[in-house]
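Colleague: The structure's right below; bear with me while I get my questions together.
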Amino acid sequence: MSEVTDQHGAALRTTRELAQAISSVERGGPAADALIQTALTRLASERSQNAVVIGVTGAPGAGKSTLVGALAERARAAGRRVAILAVDPSSVQSGGALLGDRVRVEERPGDEGRFVRSIATRGSGRSLSHTAAAASLLVEAAGFDLVFIETVGAGQADLGIVRLADLVLLVEGPEGGDEVQAMKAGLLESAHLVVVNKSDRPGADRAVERLRSGLALGHDAPEVLLASAVDGSGVAELLTALEGLAVTRSGGGLQRRIAAHLAAAVEARAALRLRDAESDGRLAALAQSIATGERPLSGAVDELLKG
Amino acid sequence: MAERTAPIRVLIAKPGLDGHDRGAKVLARGLRDEGFEVIYTGIRRTTEAIIAAAIEEDVDVVGCSILSGAHATLLPKVVAGLRDAGAADVLVVAGGIIPEEDRAGLQAAGIAAIFGPGSTIAEIATYLRAHVRSN
Ligand code: B12
Ligand SMILES: Nc1nc2c(ncn2[C@@H]2O[C@H](COP(=O)(O)OP(=O)(O)OP(=O)(O)O)[C@@H](O)[C@H]2O)c(=O)[nH]1
Ligand SMILES: [Mg+2]
C-alpha cells in the first residue's frame, strides 16, 4: 500500500492503519480531522486518477452484498484495487448492530488490493452513517481505485448516497419495480443504472420489462440490466456498464466526497444538538415557549442549533 | 481505563469445518441487543480469513464459536495470527463445546476466556466490557 503520512504522524500505510483510521473518524474529534486532512493532502498530490465510488442501494435482501462481492472479484481480477464499505443499521434501542454483509463476500486473506469494512449507521438514523464519506476518502487515499458503498437499502427514502457516490446502482429483486413504483420520486429517479438481480429465479425478465416501461415515461431513464450474483450471469456486463458510466461521471468526484463529508458533519452536529436538548429538557422547554407564544418557531430552531 | 465513547466491535467467527451456527447466531443477536457492534462472518472460515477480517474491521474482540472438536489446533492459530499482524491488543474469547481438560492449554495459548453451553449473554457481555481494550 502506498505511504501516506503527515506532520501529525498519522499514516495510512497498512491495512491495519487504514482500519484504525476509519475507527478514528467514527469516534470523531481532532484526530479524525487530522486524518481527513492527511487523506486530502495525499489525494491532492496524487497524479493518478481519483477513485470511482459506486453507491449500491436497493431493498433489503435484493442481493446488494452478494452482487458487490461478485463485482469486486471480477474487478480485482482485472487489476483494480477494490474496497467495499458496507453499511448496516444500528439499533435505536441498544445502539448495537449486527453487521452481516461480510457473510456474502468472499474473504481474500493476504490480498492487499482488497479491503472490506462493515459500518454501522450509529446516530444517523439513515441508510448511510455520518462517517461514510470520511471512510470513503480514507480508502481512496490508501490507494483503492474502485470503492463500493452499500447502503442499508431504505428503499425510496434516502438520498444521501447520491451526494456521496459518483454513480448509484439500484439493485432490484425479481419481484421488484411495478410501474407505479417506477414512476414515483425517490431512489429510482436518482439511480444511474438499475439491475434486476436473481435472474436465476422466475420472474426476473418480467421485472426488467416493468421497470423499463415505468422508467420510459420519464426522461434520462437509466438502463435496466439483468444479472445473477449467485450464478454469475450478467455480472461482467454490469461491471462494464458501471465502468462506462464512471468515465463520464467521476470527474469532480473528490470535491463531491468532500462536500458529502461536510454535509454529513453538519447533519451529525445537528442531530447531536437535538439529542442533547431532548435529554436535558431544553427541547420540551422551548416547545413550551412556542406554545405560550413567547418565542417564534424559527427563534427556537436557532437556539437549539447553537447548542 | 479511559471511558469508551464508541460501541465495542466484536467479530463472531466460526473457524474450520463446523456447521453448528446456532450458538454463534444467538450470541451475535444477543450482543447486538447489549449495544455491541457485531460483525458476523458466516460458517467455515479459515483462521487466515478470520484474522484478516478482524484487522480490516478493527475489532476489539474476536469471538470464536467452535463445536467441532478442532479447538486445540484452530484457536491458538487465531491468537498467534493476530499477534503477528500487530494486533495483540485484540481480546480473543471462545465458546461452544470445549472440554474442561482442554481449557488450561487454550488459556495458556492466549484465549482470554471460554464460555460453554448455558452461558448467558449478560455474563458474556459483562466479561467483554470489563476486559476489552480502552478505545
Ligand atoms: C443442534 C446440534 C446440531 C445441529 C446444528 C444446527 C445448527 N445450525 O447449529 C445439527 C443437527 C445440524 C448438528 C449436526 C452435527 N452435529 Co451437532 N449438535 C447439536 C447440539 C444438540 C446442540 C448445539 C446447539 O445448537 N446448542 C444451542 C446453542 C445456543 O448453544 P452453544 O452452541 O453451545 O452456544 C452457547 C455457548 O456454548 C456459548 N457460545 C457458543 N459459541 C460462542 C462463542 C463465543 C465467542 C462465546 C463468548 C460464547 C459462545 O454461548 C451460547 C449460549 O449459551 C449439540 C449438543 C450440545 N448439547 O451442545 C450437538 C453436537 C455439537 N454435535 C455434534 C456432532 C458430532 C455433530 C455432527 C458431526 C454429526 C452428528 N453426530 O450429529 C454433525 C456435524 C454438523 C456440521 N456440519 O458441522 C457433537 C460434537 C462433538 C464434539 N465436538 O466432540 C455434539 C456435542 C453432540 C454430541 N454430544 O456428540 N448438530
Ligand atoms: N437465487 C439468488 N439468490 C441471491 C442472489 N443474490 C443474492 N441472493 C440471496 O439473497 C439473499 C440476500 O442477499 P444479500 O446479498 O445479503 O442481500 P442485500 O441486499 O445485501 O441484503 P441487506 O444487506 O440485508 O439489505 C441471500 O440469501 C443471498 O444468497 C441471486 O442472484 N440469486
Ligand atoms: Mg447487504
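The way I read the labels, and the way they are meant: chains A, B, ... in the order of the C-alpha cells, residue 1 as the first residue of every chain, and ligand 1 as the first ligand shown, with later ones counted on from there.
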Enumerate residues in contact with ligand 1: an atom-to-atom distance of at most 8 Å, counting only C-alpha atoms and all ligand atoms. Format the result as a PDB file with C-alpha atoms, in the first residue's frame.

Modeller:
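Below is the file part-v7.pdb, written as the result:
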```
ATOM      1  CA  ILE B  12     -18.078 -13.580  15.751  1.00  0.00           C
ATOM      2  CA  ALA B  13     -16.241 -16.255  13.820  1.00  0.00           C
ATOM      3  CA  LEU B  17     -15.395 -27.167   9.102  1.00  0.00           C
ATOM      4  CA  ASP B  18     -18.099 -26.639  11.686  1.00  0.00           C
ATOM      5  CA  GLY B  19     -21.681 -26.123  10.636  1.00  0.00           C
ATOM      6  CA  HIS B  20     -23.119 -25.567  14.131  1.00  0.00           C
ATOM      7  CA  ASP B  21     -24.106 -21.924  13.865  1.00  0.00           C
ATOM      8  CA  ARG B  22     -26.979 -21.639  16.306  1.00  0.00           C
ATOM      9  CA  GLY B  23     -24.775 -20.602  19.243  1.00  0.00           C
ATOM     10  CA  ALA B  24     -22.915 -18.032  17.122  1.00  0.00           C
ATOM     11  CA  LYS B  25     -26.181 -16.526  15.929  1.00  0.00           C
ATOM     12  CA  VAL B  26     -27.698 -16.455  19.408  1.00  0.00           C
ATOM     13  CA  LEU B  27     -24.590 -14.669  20.618  1.00  0.00           C
ATOM     14  CA  VAL B  62     -12.617 -11.868  18.222  1.00  0.00           C
ATOM     15  CA  GLY B  63     -15.098 -14.452  19.482  1.00  0.00           C
ATOM     16  CA  CYS B  64     -14.692 -17.951  18.071  1.00  0.00           C
ATOM     17  CA  SER B  65     -17.587 -20.369  18.281  1.00  0.00           C
ATOM     18  CA  ILE B  66     -16.464 -23.941  17.879  1.00  0.00           C
ATOM     19  CA  LEU B  67     -18.362 -27.186  18.419  1.00  0.00           C
ATOM     20  CA  SER B  68     -16.408 -29.444  16.095  1.00  0.00           C
ATOM     21  CA  GLY B  69     -13.678 -30.589  18.459  1.00  0.00           C
ATOM     22  CA  ALA B  70     -10.915 -28.814  16.495  1.00  0.00           C
ATOM     23  CA  VAL B  92      -9.774 -13.420  21.888  1.00  0.00           C
ATOM     24  CA  VAL B  93     -12.529 -15.432  23.556  1.00  0.00           C
ATOM     25  CA  ALA B  94     -14.234 -18.690  22.627  1.00  0.00           C
ATOM     26  CA  GLY B  95     -17.365 -20.704  23.231  1.00  0.00           C
ATOM     27  CA  GLY B  96     -19.127 -23.881  22.178  1.00  0.00           C
ATOM     28  CA  ILE B  97     -18.182 -27.447  23.058  1.00  0.00           C
ATOM     29  CA  ILE B  98     -14.739 -27.262  24.648  1.00  0.00           C
ATOM     30  CA  ALA B 113     -11.976 -16.795  28.344  1.00  0.00           C
ATOM     31  CA  ILE B 114     -14.137 -19.748  27.336  1.00  0.00           C
ATOM     32  CA  PHE B 115     -17.927 -19.819  27.603  1.00  0.00           C
ATOM     33  CA  GLY B 116     -19.619 -23.192  27.324  1.00  0.00           C
ATOM     34  CA  PRO B 117     -23.262 -24.234  26.886  1.00  0.00           C
ATOM     35  CA  GLY B 118     -25.608 -22.439  29.238  1.00  0.00           C
ATOM     36  CA  SER B 119     -23.558 -19.238  29.371  1.00  0.00           C
ATOM     37  CA  THR B 120     -25.828 -16.213  29.406  1.00  0.00           C
ATOM     38  CA  ILE B 121     -25.474 -13.246  27.079  1.00  0.00           C
ATOM     39  CA  ILE B 124     -20.553 -12.709  28.311  1.00  0.00           C
TER      40      ILE B 124
END
```

Colleague: Among range 28-94 of chain B, which ones does DSSP assign to alpha helix (DSSP H) (computed from the backbone)? Answer as a PyMOL selection string.

Modeller: chain B and resi 28-33+47-57+71-84

Colleague: Just the selected residues (N, CA, C and O atoms), exported as a tab-separated table (two decimals), in the first residue's frame, please.

Modeller:
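Listed below is the output, again06.tsv:
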```tsv
chain	number	residue	atom	x	y	z
B	28	ALA	N	-24.52	-13.45	18.50
B	28	ALA	CA	-24.46	-12.24	17.67
B	28	ALA	C	-25.65	-11.34	17.94
B	28	ALA	O	-25.54	-10.14	18.17
B	29	ARG	N	-26.82	-11.96	17.95
B	29	ARG	CA	-28.04	-11.21	18.18
B	29	ARG	C	-28.08	-10.65	19.61
B	29	ARG	O	-28.45	-9.50	19.83
B	30	GLY	N	-27.66	-11.48	20.57
B	30	GLY	CA	-27.69	-11.06	21.96
B	30	GLY	C	-26.75	-9.90	22.23
B	30	GLY	O	-27.12	-8.94	22.93
B	31	LEU	N	-25.56	-9.96	21.67
B	31	LEU	CA	-24.60	-8.87	21.89
B	31	LEU	C	-25.06	-7.59	21.20
B	31	LEU	O	-24.82	-6.49	21.69
B	32	ARG	N	-25.71	-7.72	20.06
B	32	ARG	CA	-26.30	-6.55	19.41
B	32	ARG	C	-27.24	-5.85	20.38
B	32	ARG	O	-27.20	-4.62	20.53
B	33	ASP	N	-28.06	-6.63	21.05
B	33	ASP	CA	-29.03	-6.05	21.98
B	33	ASP	C	-28.37	-5.50	23.24
B	33	ASP	O	-28.98	-4.73	23.98
B	47	THR	N	-8.65	-19.80	9.54
B	47	THR	CA	-8.12	-18.87	10.54
B	47	THR	C	-7.52	-17.64	9.85
B	47	THR	O	-7.63	-16.53	10.37
B	48	GLU	N	-6.92	-17.82	8.67
B	48	GLU	CA	-6.35	-16.67	7.94
B	48	GLU	C	-7.45	-15.66	7.60
B	48	GLU	O	-7.25	-14.45	7.72
B	49	ALA	N	-8.60	-16.16	7.15
B	49	ALA	CA	-9.70	-15.26	6.80
B	49	ALA	C	-10.22	-14.53	8.03
B	49	ALA	O	-10.57	-13.35	7.97
B	50	ILE	N	-10.27	-15.23	9.16
B	50	ILE	CA	-10.75	-14.63	10.40
B	50	ILE	C	-9.80	-13.51	10.84
B	50	ILE	O	-10.24	-12.41	11.20
B	51	ILE	N	-8.53	-13.78	10.76
B	51	ILE	CA	-7.54	-12.77	11.17
B	51	ILE	C	-7.61	-11.56	10.25
B	51	ILE	O	-7.65	-10.42	10.71
B	52	ALA	N	-7.68	-11.79	8.95
B	52	ALA	CA	-7.75	-10.67	8.00
B	52	ALA	C	-9.01	-9.84	8.25
B	52	ALA	O	-8.97	-8.60	8.23
B	53	ALA	N	-10.13	-10.50	8.49
B	53	ALA	CA	-11.38	-9.77	8.75
B	53	ALA	C	-11.27	-8.97	10.03
B	53	ALA	O	-11.71	-7.82	10.10
B	54	ALA	N	-10.65	-9.55	11.05
B	54	ALA	CA	-10.50	-8.84	12.33
B	54	ALA	C	-9.68	-7.56	12.15
B	54	ALA	O	-10.00	-6.53	12.73
B	55	ILE	N	-8.64	-7.64	11.33
B	55	ILE	CA	-7.79	-6.47	11.08
B	55	ILE	C	-8.57	-5.41	10.31
B	55	ILE	O	-8.59	-4.24	10.67
B	56	GLU	N	-9.25	-5.81	9.22
B	56	GLU	CA	-9.98	-4.85	8.39
B	56	GLU	C	-11.10	-4.18	9.18
B	56	GLU	O	-11.39	-3.01	8.99
B	57	GLU	N	-11.74	-4.94	10.03
B	57	GLU	CA	-12.87	-4.40	10.78
B	57	GLU	C	-12.41	-3.68	12.05
B	57	GLU	O	-13.22	-3.08	12.75
B	71	HIS	N	-10.85	-27.29	18.38
B	71	HIS	CA	-10.43	-26.06	19.08
B	71	HIS	C	-8.93	-26.02	19.37
B	71	HIS	O	-8.30	-24.97	19.26
B	72	ALA	N	-8.34	-27.18	19.74
B	72	ALA	CA	-6.94	-27.17	20.18
B	72	ALA	C	-5.99	-26.75	19.07
B	72	ALA	O	-4.96	-26.13	19.33
B	73	THR	N	-6.33	-27.08	17.82
B	73	THR	CA	-5.44	-26.67	16.73
B	73	THR	C	-5.81	-25.27	16.21
B	73	THR	O	-4.92	-24.49	15.88
B	74	LEU	N	-7.12	-24.97	16.13
B	74	LEU	CA	-7.52	-23.73	15.45
B	74	LEU	C	-7.39	-22.47	16.33
B	74	LEU	O	-6.92	-21.44	15.86
B	75	LEU	N	-7.81	-22.57	17.58
B	75	LEU	CA	-7.86	-21.35	18.39
B	75	LEU	C	-6.49	-20.71	18.62
B	75	LEU	O	-6.35	-19.49	18.47
B	76	PRO	N	-5.45	-21.50	18.96
B	76	PRO	CA	-4.13	-20.86	19.12
B	76	PRO	C	-3.65	-20.17	17.84
B	76	PRO	O	-2.94	-19.18	17.91
B	77	LYS	N	-4.05	-20.69	16.68
B	77	LYS	CA	-3.65	-20.06	15.41
B	77	LYS	C	-4.24	-18.66	15.28
B	77	LYS	O	-3.60	-17.77	14.71
B	78	VAL	N	-5.46	-18.49	15.77
B	78	VAL	CA	-6.09	-17.17	15.69
B	78	VAL	C	-5.31	-16.17	16.55
B	78	VAL	O	-4.98	-15.06	16.11
B	79	VAL	N	-4.97	-16.59	17.76
B	79	VAL	CA	-4.23	-15.71	18.67
B	79	VAL	C	-2.87	-15.35	18.06
B	79	VAL	O	-2.47	-14.18	17.99
B	80	ALA	N	-2.17	-16.37	17.57
B	80	ALA	CA	-0.83	-16.14	17.01
B	80	ALA	C	-0.90	-15.25	15.77
B	80	ALA	O	-0.08	-14.35	15.59
B	81	GLY	N	-1.91	-15.48	14.93
B	81	GLY	CA	-2.06	-14.68	13.71
B	81	GLY	C	-2.32	-13.22	14.01
B	81	GLY	O	-1.77	-12.33	13.37
B	82	LEU	N	-3.14	-12.97	15.01
B	82	LEU	CA	-3.40	-11.58	15.39
B	82	LEU	C	-2.13	-10.93	15.92
B	82	LEU	O	-1.82	-9.78	15.59
B	83	ARG	N	-1.39	-11.68	16.72
B	83	ARG	CA	-0.15	-11.13	17.27
B	83	ARG	C	0.81	-10.80	16.12
B	83	ARG	O	1.36	-9.70	16.07
B	84	ASP	N	0.95	-11.71	15.16
B	84	ASP	CA	1.85	-11.47	14.04
B	84	ASP	C	1.40	-10.27	13.20
B	84	ASP	O	2.22	-9.61	12.56
```

Colleague: Could you check which of A:Val68, A:Ile119, A:Ala51, A:Ala31 is closest to chain B, using only C-alpha atoms?

Modeller: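 Among the listed residues, the smallest separation from chain B belongs to A:Ile119.
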
Colleague: Could you please extract the residues within 6 Å of ligand 2, counting only C-alpha atoms and all ligand atoms, and hand them back as a ChimeraX atom specification?

Modeller: /A:59-66,101,104,152-153,197-198,200-201,228-230

Colleague: For CA of Ser279 in chain A and CA of Arg122 in chain A, determine how far apart the two atoms are, in Å to one decimal place.

Modeller: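 Straight-line distance from CA of Ser279 in chain A to CA of Arg122 in chain A works out to 17.7 Å.
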
Colleague: Should the cut-off be 10 Å, what would the residue list for chain A against chain B look like, counting only C-alpha atoms, as a PyMOL selection string?

Modeller: chain A and resi 15-24+26-28+90-111+114-120+122

Colleague: With distances taken over only C-alpha atoms, which residue among B:Tyr127, B:Glu100, B:Ala112, B:Arg44 lies nearest Ala88 in chain B?

Modeller: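 Among the listed residues, B:Ala112 lies closest to Ala88 in chain B.
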
Colleague: Work out how far apart CA of Ala265 in chain A and CA of Pro296 in chain A are and give it in Å to one decimal.

Modeller: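 Interatomic distance, CA of Ala265 in chain A to CA of Pro296 in chain A: 27.0 Å.
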
Colleague: Could you jot down the CA of Leu187 in chain A to CA of Leu167 in chain A separation for me, Å, one decimal place?

Modeller: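 Result for CA of Leu187 in chain A versus CA of Leu167 in chain A: 12.1 Å, one decimal.
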